[in-house]
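*Asks:* Data: protein.csv, CSV, C-alpha atoms (C1' of nucleotides).
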chain,number,residue,atom,x,y,z
A,11,MET,CA,0.0,0.0,0.0
A,12,LYS,CA,1.4,3.4,-1.0
A,13,LEU,CA,0.4,6.8,0.4
A,14,ALA,CA,1.6,10.2,-0.5
A,15,THR,CA,1.5,13.8,0.5
A,16,TRP,CA,1.9,16.8,-1.9
A,17,ASN,CA,1.5,20.5,-1.4
A,18,VAL,CA,0.2,21.4,-4.8
A,19,ASN,CA,0.2,25.2,-4.4
A,20,SER,CA,-3.1,25.8,-6.2
A,21,LEU,CA,-5.1,22.8,-7.4
A,22,SER,CA,-6.6,24.8,-10.1
A,23,VAL,CA,-3.2,25.4,-11.7
A,24,ARG,CA,-1.8,22.0,-10.8
A,25,LEU,CA,-4.7,19.6,-11.5
A,26,PRO,CA,-3.3,18.3,-14.9
A,27,GLN,CA,0.0,17.6,-13.1
A,28,VAL,CA,-1.7,15.8,-10.2
A,29,LEU,CA,-3.7,13.6,-12.6
A,30,ASP,CA,-0.5,12.8,-14.6
A,31,TRP,CA,1.3,12.0,-11.4
A,32,LEU,CA,-1.5,9.7,-10.2
A,33,GLN,CA,-1.5,7.9,-13.5
A,34,ALA,CA,2.3,7.3,-13.2
A,35,ASN,CA,2.1,6.7,-9.4
A,36,PRO,CA,-1.2,4.9,-8.7
A,37,VAL,CA,-0.9,5.4,-4.9
A,38,ASN,CA,-3.7,4.2,-2.7
A,39,VAL,CA,-3.9,7.5,-0.8
A,40,LEU,CA,-2.9,11.1,-1.7
A,41,VAL,CA,-3.3,14.0,0.7
A,42,MET,CA,-2.9,17.5,-0.8
A,43,GLN,CA,-2.3,20.9,0.7
A,44,GLU,CA,-2.8,24.5,-0.5
A,45,LEU,CA,-5.7,23.8,-2.8
A,46,LYS,CA,-6.4,27.5,-2.7
A,47,MET,CA,-10.0,26.9,-3.9
A,48,THR,CA,-13.5,27.0,-2.4
A,49,ASP,CA,-15.3,23.6,-2.0
A,50,ASP,CA,-17.6,24.3,-5.0
A,51,LYS,CA,-14.6,24.4,-7.3
A,52,PHE,CA,-13.0,21.1,-6.2
A,53,PRO,CA,-12.6,18.8,-9.2
A,54,ALA,CA,-14.2,15.7,-7.7
A,55,ASP,CA,-15.3,14.3,-11.0
A,56,ALA,CA,-11.8,14.4,-12.5
A,57,PHE,CA,-10.5,12.4,-9.6
A,58,ALA,CA,-13.4,10.0,-9.7
A,59,GLN,CA,-12.6,9.3,-13.4
A,60,ALA,CA,-9.0,8.7,-12.3
A,61,GLY,CA,-10.3,6.1,-9.8
A,62,TYR,CA,-10.2,8.1,-6.6
A,63,ALA,CA,-12.8,8.9,-4.0
A,64,ALA,CA,-12.2,12.4,-2.5
A,65,GLN,CA,-12.8,14.3,0.7
A,66,TRP,CA,-12.0,17.9,0.7
A,67,PHE,CA,-11.9,21.0,2.9
A,68,GLY,CA,-11.3,24.1,0.8
A,69,GLN,CA,-10.8,27.8,1.3
A,70,LYS,CA,-10.6,30.8,-0.9
A,71,THR,CA,-7.1,32.1,-1.8
A,72,TYR,CA,-5.1,30.2,0.9
A,73,ASN,CA,-4.9,26.8,2.6
A,74,GLY,CA,-7.4,24.0,1.7
A,75,VAL,CA,-6.7,20.3,2.0
A,76,ALA,CA,-7.9,17.1,0.4
A,77,LEU,CA,-7.8,13.3,0.9
A,78,LEU,CA,-7.9,11.1,-2.1
A,79,SER,CA,-8.2,7.3,-1.8
A,80,ARG,CA,-8.9,4.3,-3.9
A,81,THR,CA,-11.5,3.1,-1.4
A,82,PRO,CA,-13.6,5.8,0.2
A,83,ALA,CA,-12.3,7.2,3.5
A,84,THR,CA,-14.6,7.0,6.5
A,85,ASP,CA,-15.0,8.9,9.7
A,86,ILE,CA,-13.9,12.2,8.2
A,87,VAL,CA,-12.8,15.0,10.5
A,88,LYS,CA,-12.0,18.5,9.3
A,89,ASN,CA,-9.5,20.6,11.2
A,90,ILE,CA,-8.5,20.0,14.8
A,91,PRO,CA,-11.4,19.3,17.2
A,92,GLY,CA,-11.1,21.5,20.2
A,93,PHE,CA,-8.9,24.1,18.4
A,94,ASP,CA,-10.9,27.0,16.9
A,95,ASP,CA,-9.5,27.9,13.5
A,96,ASP,CA,-10.6,30.1,10.6
A,97,MET,CA,-8.2,28.3,8.2
A,98,ALA,CA,-8.8,25.0,6.4
A,99,ARG,CA,-5.7,23.0,7.3
A,100,VAL,CA,-6.4,19.5,8.3
A,101,ILE,CA,-8.5,16.6,6.9
A,102,THR,CA,-8.6,13.2,8.5
A,103,GLY,CA,-10.1,9.9,7.5
A,104,THR,CA,-9.8,6.2,7.9
A,105,VAL,CA,-8.6,4.1,4.9
A,106,ASN,CA,-7.9,0.4,5.1
A,107,GLU,CA,-8.0,0.6,8.9
A,108,ILE,CA,-5.3,3.3,8.9
A,109,ARG,CA,-6.1,6.7,10.4
A,110,VAL,CA,-4.7,9.1,7.8
A,111,ILE,CA,-4.2,12.8,8.8
A,112,GLY,CA,-3.4,15.2,6.0
A,113,ALA,CA,-2.2,18.5,7.4
A,114,TYR,CA,-1.0,21.9,6.2
A,115,PHE,CA,0.9,23.3,9.2
A,116,PRO,CA,1.0,27.1,9.5
A,117,ASN,CA,3.9,28.8,7.8
A,118,GLY,CA,4.6,31.1,10.7
A,119,GLN,CA,6.2,33.9,8.6
A,120,ALA,CA,9.0,34.9,11.1
A,121,PRO,CA,9.7,34.4,14.8
A,122,GLY,CA,8.2,37.2,16.9
A,123,THR,CA,5.2,37.8,14.6
A,124,GLU,CA,1.5,37.1,15.3
A,125,LYS,CA,1.6,34.4,12.6
A,126,PHE,CA,4.4,32.7,14.5
A,127,GLU,CA,2.4,32.8,17.7
A,128,TYR,CA,-0.5,31.3,15.8
A,129,LYS,CA,1.7,28.5,14.6
A,130,MET,CA,2.8,27.7,18.2
A,131,GLU,CA,-0.8,27.6,19.4
A,132,TRP,CA,-1.9,25.5,16.4
A,133,LEU,CA,0.9,23.0,17.2
A,134,LYS,CA,-0.2,22.8,20.8
A,135,GLY,CA,-3.8,22.2,19.7
A,136,LEU,CA,-2.7,19.6,17.2
A,137,ARG,CA,-0.9,17.6,19.9
A,138,SER,CA,-3.7,17.7,22.5
A,139,TRP,CA,-6.2,16.3,19.9
A,140,LEU,CA,-3.6,13.9,18.5
A,141,LYS,CA,-3.1,12.3,21.9
A,142,ALA,CA,-6.7,11.1,21.9
A,143,GLU,CA,-6.7,10.3,18.2
A,144,MET,CA,-3.6,8.0,18.6
A,145,ALA,CA,-5.2,6.2,21.6
A,146,ALA,CA,-8.4,5.6,19.5
A,147,HIS,CA,-6.4,4.6,16.3
A,148,PRO,CA,-3.2,2.8,17.0
A,149,LYS,CA,-2.5,2.6,13.2
A,150,LEU,CA,-2.1,6.3,12.4
A,151,MET,CA,-0.1,8.4,10.0
A,152,LEU,CA,0.4,12.2,10.2
A,153,MET,CA,1.4,13.4,6.8
A,154,GLY,CA,1.6,16.8,5.1
A,155,ASP,CA,3.4,20.1,4.9
A,156,TYR,CA,4.8,20.6,8.4
A,157,ASN,CA,6.7,23.8,7.6
A,158,ILE,CA,9.3,22.7,10.1
A,159,THR,CA,12.8,21.1,9.5
A,160,PHE,CA,14.1,18.5,12.0
A,161,ASP,CA,17.7,19.6,12.0
A,162,ASP,CA,20.6,20.9,9.8
A,163,ALA,CA,20.4,17.9,7.5
A,164,ASP,CA,17.0,19.1,6.3
A,165,VAL,CA,18.3,22.6,5.3
A,166,TRP,CA,20.5,23.5,2.3
A,167,ASP,CA,22.1,26.4,4.2
A,168,PRO,CA,21.9,25.7,8.0
A,169,GLU,CA,24.1,28.6,9.0
A,170,GLY,CA,22.1,31.1,6.9
A,171,MET,CA,18.8,29.7,8.1
A,172,ARG,CA,19.7,29.4,11.8
A,173,ASP,CA,16.9,30.7,14.0
A,174,GLN,CA,14.9,31.6,10.8
A,175,ILE,CA,11.4,30.4,10.1
A,176,HIS,CA,11.1,26.6,9.7
A,177,CYS,CA,14.4,26.2,11.6
A,178,THR,CA,13.8,27.7,15.0
A,179,ASP,CA,14.2,25.8,18.3
A,180,GLU,CA,10.6,26.6,19.2
A,181,GLU,CA,9.2,25.0,16.0
A,182,ARG,CA,11.6,22.0,16.4
A,183,TYR,CA,10.5,21.6,20.0
A,184,HIS,CA,6.9,21.0,18.8
A,185,LEU,CA,8.1,18.7,16.0
A,186,ASN,CA,10.1,16.6,18.5
A,187,ALA,CA,7.2,16.6,20.9
A,188,LEU,CA,5.3,14.7,18.2
A,189,VAL,CA,8.2,12.2,18.1
A,190,ALA,CA,8.1,12.0,21.9
A,191,MET,CA,4.4,11.0,21.6
A,192,GLY,CA,5.4,7.9,19.7
A,193,LEU,CA,5.5,9.1,16.1
A,194,THR,CA,8.5,8.3,13.8
A,195,ASP,CA,9.8,10.2,10.8
A,196,SER,CA,9.5,7.5,8.1
A,197,HIS,CA,12.1,9.3,5.9
A,198,ARG,CA,14.9,8.7,8.4
A,199,LEU,CA,14.1,5.0,8.7
A,200,PHE,CA,16.0,4.5,5.5
A,201,ALA,CA,19.3,5.6,3.9
A,202,GLN,CA,18.5,8.7,1.8
A,203,PRO,CA,20.4,10.6,-0.7
A,204,PRO,CA,22.4,13.5,0.9
A,205,LYS,CA,20.6,16.9,0.7
A,206,SER,CA,17.1,15.4,0.3
A,207,TYR,CA,14.6,18.2,0.3
A,208,SER,CA,10.9,18.4,-0.4
A,209,TRP,CA,10.6,22.1,-1.1
A,210,TRP,CA,12.7,24.6,-3.2
A,211,ASP,CA,12.2,28.3,-3.5
A,212,TYR,CA,10.9,29.4,-6.9
A,213,ARG,CA,13.4,32.2,-6.9
A,214,ASP,CA,17.1,32.1,-7.8
A,215,TYR,CA,17.1,28.7,-9.4
A,216,GLY,CA,16.5,27.0,-6.0
A,217,PHE,CA,15.6,23.6,-7.5
A,218,ARG,CA,18.4,23.6,-10.1
A,219,ARG,CA,20.9,24.4,-7.3
A,220,ASN,CA,19.2,22.1,-4.9
A,221,ARG,CA,18.8,24.9,-2.4
A,222,GLY,CA,15.8,23.5,-0.5
A,223,MET,CA,14.5,22.3,2.8
A,224,ARG,CA,12.8,19.1,3.9
A,225,ILE,CA,9.5,20.4,5.4
A,226,ASP,CA,7.0,17.8,4.1
A,227,HIS,CA,7.0,14.8,6.4
A,228,ILE,CA,5.2,11.4,7.0
A,229,LEU,CA,5.2,10.5,10.6
A,230,VAL,CA,3.9,7.1,11.6
A,231,SER,CA,2.7,5.5,14.8
A,232,ALA,CA,4.4,2.6,16.5
A,233,ALA,CA,2.0,0.1,15.0
A,234,ILE,CA,2.8,1.3,11.5
A,235,LYS,CA,6.5,1.7,11.9
A,236,PRO,CA,7.4,-2.0,11.4
A,237,LEU,CA,5.3,-2.1,8.3
A,238,VAL,CA,7.1,0.7,6.5
A,239,GLN,CA,9.1,-0.5,3.4
A,240,SER,CA,10.2,2.8,1.9
A,241,CYS,CA,9.8,6.5,2.1
A,242,LEU,CA,10.8,8.6,-1.0
A,243,ILE,CA,10.7,12.1,-2.2
A,244,ASP,CA,9.7,12.3,-5.8
A,245,LYS,CA,11.4,15.2,-7.4
A,246,THR,CA,10.1,14.4,-10.9
A,247,PRO,CA,7.1,16.8,-10.8
A,248,ARG,CA,9.3,19.6,-9.7
A,249,LYS,CA,10.9,19.5,-13.1
A,250,ASN,CA,7.6,20.2,-14.9
A,251,GLU,CA,6.7,23.5,-16.4
A,252,ARG,CA,4.9,25.6,-13.8
A,253,PRO,CA,5.6,23.1,-11.0
A,254,SER,CA,4.5,23.3,-7.4
A,255,ASP,CA,7.4,24.5,-5.2
A,256,HIS,CA,6.9,21.2,-3.2
A,257,ALA,CA,7.6,17.6,-4.3
A,258,PRO,CA,5.4,14.7,-3.3
A,259,VAL,CA,6.6,12.3,-0.5
A,260,VAL,CA,5.6,8.7,-0.9
A,261,ILE,CA,5.5,6.0,1.7
A,262,GLU,CA,5.1,2.3,1.1
A,263,ILE,CA,3.8,0.0,3.8
A,264,ALA,CA,3.2,-3.8,4.0
A,265,ALA,CA,-0.6,-4.1,4.0
B,26,DA,C1',19.3,42.5,-1.9
B,27,DT,C1',13.0,45.1,1.9
B,28,DG,C1',15.9,41.5,-4.5
B,29,DC,C1',15.3,37.0,-7.1
B,30,DC,C1',9.5,33.4,-8.4
B,31,DT,C1',4.5,32.2,-8.3
B,32,DC,C1',-0.3,32.5,-7.1
B,33,DA,C1',-4.9,34.7,-6.1
B,34,DG,C1',-7.6,38.6,-6.2
B,35,DC,C1',-11.0,44.1,-4.0
B,36,DT,C1',-6.1,41.9,-10.7
B,37,DC,C1',-1.9,45.9,-14.4
B,38,DC,C1',-0.1,46.0,-8.1
B,39,DT,C1',-0.1,43.8,-3.4
B,40,DG,C1',0.3,40.2,0.2
B,41,DA,C1',1.8,35.9,1.2
B,42,DG,C1',4.3,31.9,0.6
B,43,DA,C1',8.7,29.3,2.8
The structure in this file should be written as structure tokens.
*Replies:*
Amino acid sequence: MKLATWNVNSLSVRLPQVLDWLQANPVNVLVMQELKMTDDKFPADAFAQAGYAAQWFGQKTYNGVALLSRTPATDIVKNIPGFDDDMARVITGTVNEIRVIGAYFPNGQAPGTEKFEYKMEWLKGLRSWLKAEMAAHPKLMLMGDYNITFDDADVWDPEGMRDQIHCTDEERYHLNALVAMGLTDSHRLFAQPPKSYSWWDYRDYGFRRNRGMRIDHILVSAAIKPLVQSCLIDKTPRKNERPSDHAPVVIEIAA
DNA sequence: ATGCCTCAGCTCCTGAGA
């Protein structure tokens, strides 16, 4: 069974690329972030023709998330219960007895800003809900655009980015707190190419120079961890014309 | 270098992304 996460940066613009990618990579589940469209614009028919059931939670201009699956997901939850939020950032469903959480973590802009404070509150809210969710669903995966790097290995220029957004100790504290709850970074279960990133800035030939960061993650619960067979970043769609700035991350599990 | 690119929208500029 394969599952993937991809920040598409506007599904309106990226739909043809997503459909192409699904044809070449017929994963069982794909969670997407940054749809940047209202619910009435979601191309459910196109995905149905491609063989996917869809659940979506859209928003105008920013945010918006979706969960595609070969077999329909059940027990859908939108956003974080118990955490009041104006933004469409999380969609959760059960597929093949696995609780799949697709999340678009807040960007945070810069330390010291209101948006950074919101990011910290959101991360706390996520954790308090996740505790109960993990207890109810031992087989759980938290996948999406985390907008946080684990450490220097996830950053093309660790010195230049030190204490900058995505690389601060405060953000990493919250990321490590998820690990402390029993979640594992599936990417690091395997040997990976050096300088493996999932996002590259559009500016200044970021992708061509591999100036990027690994900020899209798939964390798995203890019950899933022994089943994981691979976790790969697929840079292929980043080479398209008008690509998303993010690449998909794909996990394979025995199931 | 408060730049560089890309997207959406109160669209021919601006805010936000990361």
*Asks:* Between A:Ile101, A:Met191, A:Met153, A:Leu29, which has the minimum distance to Val259 of chain A (counting all atoms listed in the file)?
*Replies:*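 Smallest distance to Val259 of chain A is found for A:Met153.
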*Asks:* Tell me which of A:Ser208, A:Gln65, A:Asn35, A:Ser196 sits closest to Ala232 of chain A, counting all atoms listed in the file.
*Replies:*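 Using all atoms listed in the file, the shortest distance to Ala232 of chain A belongs to A:Ser196.
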*Asks:* Only residues of chain A matter here; which ones have an atom within 9 Å of chain B, counting only C-alpha atoms (C1' of nucleotides)? Give them as a list in words.
*Replies:* Asn19, Ser20, Val23, Lys46, Lys70, Thr71, Tyr72, Asn117, Gln119, Asn157, Ile175, His176, Trp209, Trp210, Asp211, Tyr212, Arg213, Asp214, Tyr215, Arg252, Ser254 and Asp255 of chain A
*Asks:* Could you give me, as an NGL selection string, the residues within 9 Å of Ala83 of chain A, counting all atoms listed in the file and dropping anything in the same chain fewer than 4 positions from it?
*Replies:* :A and (63-65 or 77-79 or 102-106 or 110)
*Asks:* Can you tell me how far atom CA of Asn186 of chain A sits from atom CA of Pro121 of chain A, in Å to one decimal?
*Replies:*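 Here the two named atoms are 18.2 Å from each other.
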